[in-house]
Amino acid sequence: MVGLVAVISTIHGHIIPPENIHPVAEVYQRTNFVLNLNPVGWDQVQSDVDALTDYWNAIAAESAAAFHKQVNEIICAATAEPNEKKGVEPLPRSAAAEQVFQHLTRAVSDLCLYHIESASRMIDDREAALKELREAEGIWNAFSLTIKSTDPEAHNRLGRGWLKMANALGSTGLLGVGALPPDRDAFQQEAGIIIDYIETNFREDFSPMRHGSLAPWPSKSPTFNTHAKLPHKLPPGHNINKQIPRPRQILGMAARGVDESETPLIALGDMAFDSAYIYGEPMRSLEMSCNTCHNKSITNPNFTIPGLSSRPGGMDVSSNFFAPHSNNGIFDPLDIPDLRGIRFTAPYGRNGRFGSLREFVRNVIVNEFNGDEPDPMLLDGIIAYMNEFEFLSNPYLRKDGTLNENASKSARRGEQIFNTQFTQMGNMSCATCHIPSANFIDHKRHDIGTVNGYEEYSMDRTMDTPTLLSSKFTPPYFHDGSQPTLGAVVRWFDNYYQLGLEERQLEDLTAYVETVGDGIESYEDTVYYLDAEMEEFSFFLSAYEFLAGKNKPKLMGTTFETIALEIRNHKWELQDLSVMPVMDKMAEIMDAAYTASQAGDQAEIRQKVAEYRAMYNQNLDVLK
């Protein structure tokens, strides 16, 4: 495994590294994102405000303290518990978010201005001045994305200004030769332009909501484009990278020797599962798909988006970021579920709100991620593909779900506890809900004490019973991902229901649950996946004739653009980068096929599909 870890560290394909930005800019961009959410993640905002205050405190303690006090008062007002008797009414979310963002924008402006002015004062000490200038420019990046999108003329002009300021600090030359003295006048001239832009747009009269959402709109600039739209962007601290090594996916038809290229409906569903284009914005721009969260149909324990995730491995799918029309105004992040064996695990959704898989998938596309109404055939394909997801083979279980002779003694003792009826649980056992002979589920919903109701005695606390099969490899646990391990789950039940289990019994019950959740070859034994990915893209394309015969030009177009995008994302995984022009050409062929599908040119589509297939077959040995 050590060797494998060493290899992983050298791989960069389809892995997005964390942004390397100034801590002030990071705080600002993340808070900007979170303040636009409904509901606002005030805990995240508070954490970032504290971090900004710490940075500012080293520069101007009095100003930092005033800023922290003002923002804290707003957060307290926004999060106050309503009390009619005491006349306490929380400050409305939108008003609180706007006020916090105003204070934050002014604070970041002040910090940027401070470092510019410090660089100006230190201009005779080039190294010290340059350090201050770099600090200022790093903080300026808090605003630069919005300025680039809405005021590109100023963005370019100011970008040149930062460069000219650095040049105006002079040069030490090489070995004392060619040294240039600082040019104070040139520095002051460029600094004045940037300072004026900041003070005009982001200081006292700054209005963050003038254009519909909270952002550092430079609306006082004469070159500001009032019709410009900001690009979709996730906040600093997010991680949507899939885990490496990746979990082993088992498709039932493939495990039985069937070639996916001969199953066009399944191939269509496989493509859709990997496609950002079945969704609306911002999923498309962010290039996120089903596979982003459900890596190879399993889970993605790394997945996190500040403001939408309470912990890695989960997300609030009913927020206003991905689908404003379906926002419920409640921060209710859910743990990403494992989709293995999904055809056996109805009902669907953590609270079991959907009886059919088809209904659930349609809701994900339309109401969770803002997609258009899907073509019925697309839904057919996705369901056909998902119905092939299998549980891991478990060498410790009999057909009826009981442990066999391969299980440890500890696990077998735990099995007895699992089947024991406890008076503290209403004479129910763990096996009452997790029925061993029925894939360890009962297809029902129960209130086990993990959900807070909307008020005392409310009846809205039930959650779907999850299967225990293959669960050893899908932490964290519970609907909200609040339990990090299966052992933690066991101890939670013991504490909550006061079962009084002894330490050895807890260990035995944990051993049992882990044994039930075990499986053969849970992860793939390589970190090189490009050949498998390229084969999968050829499977996607195998649905072409089927779609052409059914006169589905839109689905053909989705297939082509999905393959092109996936090739471009995965080309960096090549072990021999000299082969990259081949992959670039294959992506271009799919681009051309997509263009032809938009124009209805069937002859051109056929030619491009044939060209792609020929190029793939000719390069099988090097596409890895």
# chains A, B, ... in the order shown; residues from 1 in each chain; ligands from 1
>>> residues_around(residues="Gln249 in chain A", least_positions_apart="4", cutoff="9 Å", atoms="only C-alpha atoms", output="list in words")
Asn295, Lys296, Ser297, Ile298, Arg340, Phe389, Glu390, Phe391, Leu392, Ser522, Tyr523 and Glu524 of chain A
>>> residues_around(residues="range 579-586 of chain A", least_positions_apart="5", cutoff="10 Å", atoms="only C-alpha atoms", output="number ranges by chain")
A: 534, 563-564, 567-568, 570-574, 591-592, 608, 611-613, 615-616, 619, 622-624
>>> write_last_selection(atoms="N, CA and C atoms", output="tab-separated table (two decimals), in the first residue's frame")
chain	number	residue	atom	x	y	z
A	534	MET	N	-11.79	5.35	-21.02
A	534	MET	CA	-11.94	5.44	-22.47
A	534	MET	C	-12.84	4.32	-23.00
A	563	ILE	N	-19.15	12.99	-23.86
A	563	ILE	CA	-17.90	12.30	-24.17
A	563	ILE	C	-16.77	13.31	-24.36
A	564	ALA	N	-17.05	14.39	-25.08
A	564	ALA	CA	-16.02	15.41	-25.31
A	564	ALA	C	-15.54	16.01	-24.00
A	567	ILE	N	-13.47	13.39	-21.95
A	567	ILE	CA	-12.13	13.19	-22.50
A	567	ILE	C	-11.20	14.33	-22.07
A	568	ARG	N	-11.70	15.55	-22.15
A	568	ARG	CA	-10.86	16.70	-21.77
A	568	ARG	C	-10.55	16.67	-20.28
A	570	HIS	N	-10.26	13.96	-18.43
A	570	HIS	CA	-9.44	12.79	-18.07
A	570	HIS	C	-8.12	12.72	-18.83
A	571	LYS	N	-7.90	13.59	-19.79
A	571	LYS	CA	-6.69	13.45	-20.61
A	571	LYS	C	-5.42	13.63	-19.79
A	572	TRP	N	-5.54	14.35	-18.65
A	572	TRP	CA	-4.35	14.58	-17.82
A	572	TRP	C	-3.93	13.32	-17.09
A	573	GLU	N	-4.73	12.26	-17.17
A	573	GLU	CA	-4.38	11.01	-16.53
A	573	GLU	C	-3.46	10.14	-17.40
A	574	LEU	N	-3.21	10.58	-18.61
A	574	LEU	CA	-2.32	9.83	-19.49
A	574	LEU	C	-0.96	9.58	-18.82
A	591	ASP	N	-17.00	17.03	-30.58
A	591	ASP	CA	-17.54	18.39	-30.74
A	591	ASP	C	-18.23	18.53	-32.09
A	592	ALA	N	-17.57	18.02	-33.12
A	592	ALA	CA	-18.13	18.11	-34.47
A	592	ALA	C	-19.41	17.29	-34.59
A	608	LYS	N	-18.61	11.19	-38.20
A	608	LYS	CA	-17.83	11.51	-37.00
A	608	LYS	C	-17.82	10.36	-36.00
A	611	GLU	N	-15.40	7.91	-37.39
A	611	GLU	CA	-14.04	8.44	-37.23
A	611	GLU	C	-13.55	8.27	-35.79
A	612	TYR	N	-14.42	8.56	-34.84
A	612	TYR	CA	-14.07	8.41	-33.42
A	612	TYR	C	-13.75	6.96	-33.10
A	613	ARG	N	-14.63	6.07	-33.53
A	613	ARG	CA	-14.42	4.65	-33.22
A	613	ARG	C	-13.13	4.12	-33.84
A	615	MET	N	-10.43	5.86	-34.51
A	615	MET	CA	-9.30	6.45	-33.80
A	615	MET	C	-9.12	5.77	-32.44
A	616	TYR	N	-10.22	5.47	-31.78
A	616	TYR	CA	-10.14	4.78	-30.49
A	616	TYR	C	-9.50	3.40	-30.67
A	619	ASN	N	-5.75	3.35	-31.23
A	619	ASN	CA	-4.90	3.85	-30.14
A	619	ASN	C	-5.15	3.17	-28.80
A	622	VAL	N	-2.24	2.84	-26.28
A	622	VAL	CA	-1.57	4.00	-25.67
A	622	VAL	C	-2.51	4.86	-24.84
A	623	LEU	N	-3.82	4.62	-24.95
A	623	LEU	CA	-4.79	5.41	-24.19
A	623	LEU	C	-4.93	4.82	-22.79
A	624	LYS	N	-3.90	5.03	-21.98
A	624	LYS	CA	-3.90	4.47	-20.63
A	624	LYS	C	-2.98	5.29	-19.74
>>> closest_atom_pairs(of="range 354-424 of chain A", to="range 489-507 of chain A", cutoff="9 Å", atoms="only C-alpha atoms", output="tab-separated table")
residue	atom	partner	partner_atom	distance
A:Ser410	CA	A:Glu507	CA	7.7
A:Ala411	CA	A:Glu507	CA	8.8
A:Arg413	CA	A:Gln505	CA	8.0
A:Gly414	CA	A:Gln505	CA	6.9
A:Ile417	CA	A:Gln505	CA	7.7
A:Phe422	CA	A:Leu499	CA	7.4
A:Thr423	CA	A:Leu499	CA	8.8
A:Gln424	CA	A:Tyr497	CA	5.9
>>> atom_distance(atom1="CA of Arg93 in chain A", atom2="CA of Cys112 in chain A")
28.2 Å
>>> residues_around(residues="range 128-145 of chain A", least_positions_apart="4", cutoff="7 Å", atoms="only C-alpha atoms", output="PDB file with C-alpha atoms, in the first residue's frame")
ATOM      1  CA  ILE A  21      -5.320  32.426  -2.511  1.00  0.00           C
ATOM      2  CA  HIS A  22      -4.704  35.024   0.165  1.00  0.00           C
ATOM      3  CA  VAL A  24      -8.420  37.388   3.412  1.00  0.00           C
ATOM      4  CA  ALA A  25      -9.613  36.768  -0.146  1.00  0.00           C
ATOM      5  CA  TYR A  28     -14.311  36.954   1.647  1.00  0.00           C
ATOM      6  CA  GLN A  29     -15.150  34.663  -1.272  1.00  0.00           C
ATOM      7  CA  CYS A 112      -6.138  46.241   0.822  1.00  0.00           C
ATOM      8  CA  HIS A 115      -1.093  47.355   2.450  1.00  0.00           C
ATOM      9  CA  ILE A 116      -0.932  49.628  -0.607  1.00  0.00           C
ATOM     10  CA  SER A 118       2.364  50.588   3.576  1.00  0.00           C
ATOM     11  CA  ALA A 119       4.137  49.655   0.353  1.00  0.00           C
ATOM     12  CA  SER A 120       4.194  53.331  -0.607  1.00  0.00           C
ATOM     13  CA  MET A 122       8.392  51.571   2.445  1.00  0.00           C
ATOM     14  CA  ILE A 123       9.287  52.193  -1.180  1.00  0.00           C
ATOM     15  CA  SER A 149     -16.913  39.561 -15.223  1.00  0.00           C
ATOM     16  CA  ALA A 166       5.741  46.200  -8.824  1.00  0.00           C
ATOM     17  CA  PRO A 216     -18.746  43.168  -4.814  1.00  0.00           C
TER      18      PRO A 216
END
>>> select_by_dssp(residues="range 390-618 of chain A", states="strand (DSSP E)", output="ChimeraX atom specification")
/A:445-446,463-464
>>> atom_distance(atom1="CA of Tyr348 in chain A", atom2="CA of Ala384 in chain A")
16.2 Å
>>> closest_residue(among="A:Met459, A:Ala548, A:Ala587, A:Val258", to="Phe560 in chain A", atoms="only C-alpha atoms")
A:Ala587
>>> select_by_dssp(residues="range 338-470 of chain A", states="alpha helix (DSSP H)", output="number ranges by chain")
A: 357-363, 376-386, 409-418, 430-433
>>> closest_residue(among="A:Ala610, A:Val527, A:Ile342, A:Ile336", to="Tyr477 in chain A", atoms="only C-alpha atoms")
A:Ile336
>>> closest_residue(among="A:Ala407, A:Ile441, A:Ile16, A:Ala272", to="Leu378 in chain A", atoms="only C-alpha atoms")
A:Ala272
>>> residues_around(residues="Ile382 in chain A", least_positions_apart="3", cutoff="8 Å", atoms="only C-alpha atoms", output="PDB file with C-alpha atoms, in the first residue's frame")
ATOM      1  CA  ILE A 266     -27.880   0.668 -20.115  1.00  0.00           C
ATOM      2  CA  LEU A 268     -27.361   5.504 -22.353  1.00  0.00           C
ATOM      3  CA  GLY A 269     -27.951   5.468 -18.602  1.00  0.00           C
ATOM      4  CA  ASP A 270     -24.229   5.082 -17.931  1.00  0.00           C
ATOM      5  CA  ALA A 272     -26.318  10.143 -18.266  1.00  0.00           C
ATOM      6  CA  PHE A 273     -24.886   9.178 -14.868  1.00  0.00           C
ATOM      7  CA  LEU A 378     -33.266   9.118 -20.636  1.00  0.00           C
ATOM      8  CA  LEU A 379     -35.028   8.103 -17.441  1.00  0.00           C
ATOM      9  CA  TYR A 385     -28.191   1.338 -15.499  1.00  0.00           C
ATOM     10  CA  MET A 386     -28.883   1.778 -11.781  1.00  0.00           C
TER      11      MET A 386
END
>>> closest_residue(among="A:Tyr529, A:Glu388, A:Gly161, A:Tyr454", to="Ala254 in chain A", atoms="only C-alpha atoms")
A:Glu388
>>> decode(residues="range 212-250 of chain A", atoms="N, CA and C atoms", output="mmCIF file, in the first residue's frame")
data_model
loop_
_atom_site.group_PDB
_atom_site.id
_atom_site.type_symbol
_atom_site.label_atom_id
_atom_site.label_comp_id
_atom_site.auth_asym_id
_atom_site.auth_seq_id
_atom_site.Cartn_x
_atom_site.Cartn_y
_atom_site.Cartn_z
ATOM 1 N N GLY A 212 -29.247 42.161 -7.461
ATOM 2 C CA GLY A 212 -29.984 40.923 -7.225
ATOM 3 C C GLY A 212 -29.336 39.926 -6.302
ATOM 4 N N SER A 213 -28.044 39.927 -6.192
ATOM 5 C CA SER A 213 -27.364 38.994 -5.297
ATOM 6 C C SER A 213 -26.188 39.698 -4.639
ATOM 7 N N LEU A 214 -25.754 39.144 -3.534
ATOM 8 C CA LEU A 214 -24.623 39.731 -2.833
ATOM 9 C C LEU A 214 -23.342 39.465 -3.612
ATOM 10 N N ALA A 215 -22.666 40.521 -3.987
ATOM 11 C CA ALA A 215 -21.389 40.418 -4.697
ATOM 12 C C ALA A 215 -20.731 41.792 -4.647
ATOM 13 N N PRO A 216 -19.418 41.864 -4.790
ATOM 14 C CA PRO A 216 -18.746 43.168 -4.814
ATOM 15 C C PRO A 216 -18.931 43.848 -6.168
ATOM 16 N N TRP A 217 -20.166 44.266 -6.446
ATOM 17 C CA TRP A 217 -20.463 44.904 -7.734
ATOM 18 C C TRP A 217 -19.750 46.262 -7.815
ATOM 19 N N PRO A 218 -18.907 46.478 -8.816
ATOM 20 C CA PRO A 218 -18.252 47.792 -8.969
ATOM 21 C C PRO A 218 -19.153 48.751 -9.739
ATOM 22 N N SER A 219 -20.346 48.989 -9.195
ATOM 23 C CA SER A 219 -21.389 49.675 -9.963
ATOM 24 C C SER A 219 -21.133 51.170 -10.140
ATOM 25 N N LYS A 220 -20.181 51.732 -9.405
ATOM 26 C CA LYS A 220 -19.859 53.146 -9.590
ATOM 27 C C LYS A 220 -18.847 53.372 -10.718
ATOM 28 N N SER A 221 -18.311 52.307 -11.232
ATOM 29 C CA SER A 221 -17.336 52.442 -12.320
ATOM 30 C C SER A 221 -18.054 52.831 -13.609
ATOM 31 N N PRO A 222 -17.514 53.777 -14.367
ATOM 32 C CA PRO A 222 -18.172 54.193 -15.620
ATOM 33 C C PRO A 222 -18.201 53.097 -16.681
ATOM 34 N N THR A 223 -17.355 52.076 -16.519
ATOM 35 C CA THR A 223 -17.330 51.000 -17.513
ATOM 36 C C THR A 223 -18.032 49.739 -17.002
ATOM 37 N N PHE A 224 -18.759 49.827 -15.901
ATOM 38 C CA PHE A 224 -19.477 48.687 -15.338
ATOM 39 C C PHE A 224 -20.602 48.248 -16.276
ATOM 40 N N ASN A 225 -20.693 46.952 -16.506
ATOM 41 C CA ASN A 225 -21.724 46.394 -17.388
ATOM 42 C C ASN A 225 -22.888 45.903 -16.538
ATOM 43 N N THR A 226 -23.972 46.623 -16.561
ATOM 44 C CA THR A 226 -25.129 46.279 -15.719
ATOM 45 C C THR A 226 -25.802 44.980 -16.146
ATOM 46 N N HIS A 227 -25.519 44.507 -17.351
ATOM 47 C CA HIS A 227 -26.158 43.285 -17.853
ATOM 48 C C HIS A 227 -25.272 42.047 -17.678
ATOM 49 N N ALA A 228 -24.079 42.237 -17.162
ATOM 50 C CA ALA A 228 -23.151 41.112 -17.025
ATOM 51 C C ALA A 228 -23.636 40.145 -15.943
ATOM 52 N N LYS A 229 -23.297 38.889 -16.123
ATOM 53 C CA LYS A 229 -23.633 37.854 -15.143
ATOM 54 C C LYS A 229 -22.346 37.248 -14.591
ATOM 55 N N LEU A 230 -22.385 36.925 -13.307
ATOM 56 C CA LEU A 230 -21.219 36.322 -12.683
ATOM 57 C C LEU A 230 -21.141 34.844 -13.029
ATOM 58 N N PRO A 231 -19.946 34.310 -13.239
ATOM 59 C CA PRO A 231 -19.808 32.870 -13.487
ATOM 60 C C PRO A 231 -20.123 32.082 -12.220
ATOM 61 N N HIS A 232 -20.609 30.865 -12.401
ATOM 62 C CA HIS A 232 -20.874 30.004 -11.254
ATOM 63 C C HIS A 232 -19.545 29.511 -10.689
ATOM 64 N N LYS A 233 -19.412 29.590 -9.392
ATOM 65 C CA LYS A 233 -18.159 29.228 -8.745
ATOM 66 C C LYS A 233 -18.447 28.697 -7.351
ATOM 67 N N LEU A 234 -17.771 27.599 -7.002
ATOM 68 C CA LEU A 234 -17.884 27.063 -5.658
ATOM 69 C C LEU A 234 -16.917 27.811 -4.736
ATOM 70 N N PRO A 235 -17.206 27.862 -3.452
ATOM 71 C CA PRO A 235 -16.382 28.662 -2.537
ATOM 72 C C PRO A 235 -15.068 27.981 -2.197
ATOM 73 N N PRO A 236 -14.073 28.745 -1.780
ATOM 74 C CA PRO A 236 -12.833 28.148 -1.284
ATOM 75 C C PRO A 236 -13.138 27.165 -0.153
ATOM 76 N N GLY A 237 -12.411 26.070 -0.141
ATOM 77 C CA GLY A 237 -12.642 25.038 0.867
ATOM 78 C C GLY A 237 -13.507 23.911 0.375
ATOM 79 N N HIS A 238 -14.050 24.026 -0.836
ATOM 80 C CA HIS A 238 -14.858 22.923 -1.365
ATOM 81 C C HIS A 238 -13.960 21.789 -1.846
ATOM 82 N N ASN A 239 -14.522 20.611 -1.927
ATOM 83 C CA ASN A 239 -13.805 19.460 -2.473
ATOM 84 C C ASN A 239 -14.823 18.552 -3.145
ATOM 85 N N ILE A 240 -14.796 18.519 -4.471
ATOM 86 C CA ILE A 240 -15.680 17.626 -5.208
ATOM 87 C C ILE A 240 -14.876 16.570 -5.961
ATOM 88 N N ASN A 241 -13.595 16.431 -5.587
ATOM 89 C CA ASN A 241 -12.771 15.392 -6.182
ATOM 90 C C ASN A 241 -13.243 14.016 -5.719
ATOM 91 N N LYS A 242 -13.160 13.068 -6.604
ATOM 92 C CA LYS A 242 -13.527 11.696 -6.261
ATOM 93 C C LYS A 242 -12.327 10.978 -5.646
ATOM 94 N N GLN A 243 -12.619 10.004 -4.791
ATOM 95 C CA GLN A 243 -11.553 9.334 -4.056
ATOM 96 C C GLN A 243 -10.694 8.443 -4.966
ATOM 97 N N ILE A 244 -9.412 8.381 -4.651
ATOM 98 C CA ILE A 244 -8.465 7.489 -5.313
ATOM 99 C C ILE A 244 -7.684 6.733 -4.235
ATOM 100 N N PRO A 245 -7.591 5.390 -4.303
ATOM 101 C CA PRO A 245 -8.192 4.532 -5.314
ATOM 102 C C PRO A 245 -9.714 4.544 -5.215
ATOM 103 N N ARG A 246 -10.358 4.279 -6.320
ATOM 104 C CA ARG A 246 -11.802 4.425 -6.349
ATOM 105 C C ARG A 246 -12.487 3.109 -5.980
ATOM 106 N N PRO A 247 -13.727 3.191 -5.496
ATOM 107 C CA PRO A 247 -14.455 1.972 -5.134
ATOM 108 C C PRO A 247 -14.758 1.117 -6.354
ATOM 109 N N ARG A 248 -14.815 -0.178 -6.119
ATOM 110 C CA ARG A 248 -15.103 -1.103 -7.226
ATOM 111 C C ARG A 248 -16.601 -1.146 -7.475
ATOM 112 N N GLN A 249 -16.967 -0.818 -8.702
ATOM 113 C CA GLN A 249 -18.371 -0.879 -9.098
ATOM 114 C C GLN A 249 -18.667 -2.240 -9.730
ATOM 115 N N ILE A 250 -19.776 -2.834 -9.338
ATOM 116 C CA ILE A 250 -20.184 -4.111 -9.919
ATOM 117 C C ILE A 250 -21.503 -3.912 -10.659
#
